[in-house]
Amino acid sequence: MHMHTASKWASRSWSVMALTGLGAGMLSQQTMAEGAGYEIWALDQGTHKAHVYNQDLKEVARINLGAHGLEVPHMVEFNSDGRYAAVANVGTGNVAVIRTEDYRVVDIIPTGPRTHMAGFLPDDSAILVDVIGAPDIERDGKVVAITADLDNESFEIDRELVIADDPVFQEREHEFNDVAAICHDTTADGSRAFVTLGPALEDGGLVVVDTSEMTLEKVFPPNELQVNCGTMLTPDEQHMIVNGGGPATGVWYALDVDTLDVVASDVSQGIDAHGVRNVPNGEGIWMVNRGSSDGIVIDPESLEVKDTIPDTGPTPDILDFSPDSRYAFITLRGPNPVSMPHMAEGETPGFSVLDLDTLEIVEIVEPARGNEDSDFHGIAVRPVD
């Protein structure tokens with residue numbers, strides 16, 4: 001077992017600004033006490049900060065990840081009860097674990113160059129991490145498993161799977177280009193992870209990982225699945241939605257999680273399909289198009305597009321929803337994007353708020369308005385009692 005080397009003093013020192021009364025807008029004028037409260041965690045990978053808002057769109061905390069030496073925080077995911085957040089940092093190649101009660105960084109685990117996404121397994125026993133790899137080394141993308149003892153706040157690298165070294169991959173290696181892990185979601189029991197490759201579409205594809213053995217079960221080269229971004233288990237836990245996007249492309253597929261057969265596929269009705277997420281009430285799956293600033297709603301039962309989202313705000317990336325399924329929160333990229341330059345140039349770095357009934361924007365929140373470095377990417381909603 002490989003022990004991580006993050007210094008313990010760094011995990012004890014922390015930098016967070018408590019805030020009140022900032023950023024309140026249209027939503028604060030509405031009655032938000034009808035359901036459970038929640039927080040919106042939005043990552044500014046350009047300024048290396050996590051901005052935390054409550055359900056009234058008031059900024060309640062600002063976590064300075066840069067003060068911990070963390071650069072380009074890219075994706076954020078919570079454990080099953082929301083006590084901890086895992087933040088993948090592309091610039092510094094590591095994962096930060098944050099205790100959500102007091103917004104404290106409790107550990108930093110080095111995972112590899114251009115660490116792109118980190119998410120807890122459903123039982124919280126481990127954090128699965130997707131690593132792109134070094135830019136000057138081909139096919140060094142990997143998936144890393146970090147054991148997670150949340151009660152003792154102990155995190156250690158357990159195993160690593162270099163995708164190109166697996167025998168299942170090697171049987172079809174001639175059908176792939178570069179190999180870098182991008183994003184994943186797992187089956188409901190956490191036994192299988194569906195990992196997209198990329199980041200460019202020509203370097204895409206999909207691999208299915210046995211998470212207990214950290215070996216590959218099946219691979220889909222880019223000529224079979226044009227996949228390089230989002231993954232989402234459907235509400236009935238029977239299918240995995242995966243998508244891919246590029247300067248002129250937006251496509252998605254649904255795979256049966258048991259048979260691994262592709263059972264549906266379609267276009268995203270826009271350019272550069274990217275973030276995808278289930279609506280909490282189970283009535284839809286939203287997917288946004290980064291290049292055309294719009295999106296679609298997929299019916300989770302028929303696996304057909306049932307609606308379109310005409311305007312997400314300029315250059316959308318990742319999204320999540322309020323627990324009561326009233327609002328969508330969608331990150332918007334900045335004018336000087338840290339990742340995927342040119343394709344991801346935006347105008348209003350922050351996040352948009354859309355009403356799920358009307359599919360219309362009700363507010364755009366810009367925590368660092370006027371800062372040319374601001375560039376939002378990851379976002380996640382945490383229910384709060």
# chains A, B, ... in the order shown; residues from 1 in each chain; ligands from 1

$ select_by_dssp --residues "stretch 234-344 of chain A" --states "strand (DSSP E or B)" --output "count of residues only"
55

$ closest_atom_pairs --of "stretch 163-220 of chain A" --to "stretch 268-287 of chain A" --cutoff "12 Å" --atoms "only C-alpha atoms" --output "Markdown table"
| residue | atom | partner | partner_atom | distance |
| --- | --- | --- | --- | --- |
| A:Ile182 | CA | A:His274 | CA | 11.6 |
| A:Cys183 | CA | A:Gly275 | CA | 10.3 |
| A:His184 | CA | A:Val276 | CA | 11.4 |
| A:Asp185 | CA | A:Arg277 | CA | 10.8 |
| A:Thr196 | CA | A:His274 | CA | 11.7 |
| A:Pro199 | CA | A:His274 | CA | 11.1 |
| A:Ala200 | CA | A:Asp272 | CA | 10.8 |
| A:Leu201 | CA | A:Asp272 | CA | 9.7 |

$ residues_around --residues "A:Leu216" --least-positions-apart "4" --cutoff "9 Å" --atoms "only C-alpha atoms" --output "PyMOL selection string"
chain A and resi 161+163+166-169+207-211

$ closest_residue --among "A:Ile298, A:Leu43, A:Val60, A:Val195" --to "A:Thr331" --atoms "only C-alpha atoms"
A:Leu43

$ atom_distance --atom1 "atom CA of A:Asp324" --atom2 "atom CA of A:Asp256"
28.0 Å

$ select_by_dssp --residues "stretch 160-370 of chain A" --states "helix (DSSP H, G or I)" --output "list of chain:residue names"
A:Ile163, A:Ala164, A:Asp165, A:Pro167, A:Val168, A:Phe169, A:Gln170, A:Glu173, A:His174, A:Glu175, A:Leu201, A:Glu202, A:Asp203

$ atom_distance --atom1 "atom CA of A:Leu332" --atom2 "atom CA of A:Phe351"
5.2 Å

$ atom_distance --atom1 "atom CA of A:Glu366" --atom2 "atom CA of A:Arg99"
24.7 Å

$ closest_residue --among "A:Val365, A:Leu319, A:Met214, A:Ala145" --to "A:Glu59" --atoms "only C-alpha atoms"
A:Val365

$ residues_around --residues "A:Gly190" --least-positions-apart "4" --cutoff "7 Å" --atoms "only C-alpha atoms" --output "number ranges by chain"
A: 121-122, 186

$ closest_residue --among "A:Phe376, A:Phe194, A:Phe176, A:Phe321" --to "A:Pro335" --atoms "only C-alpha atoms"
A:Phe376
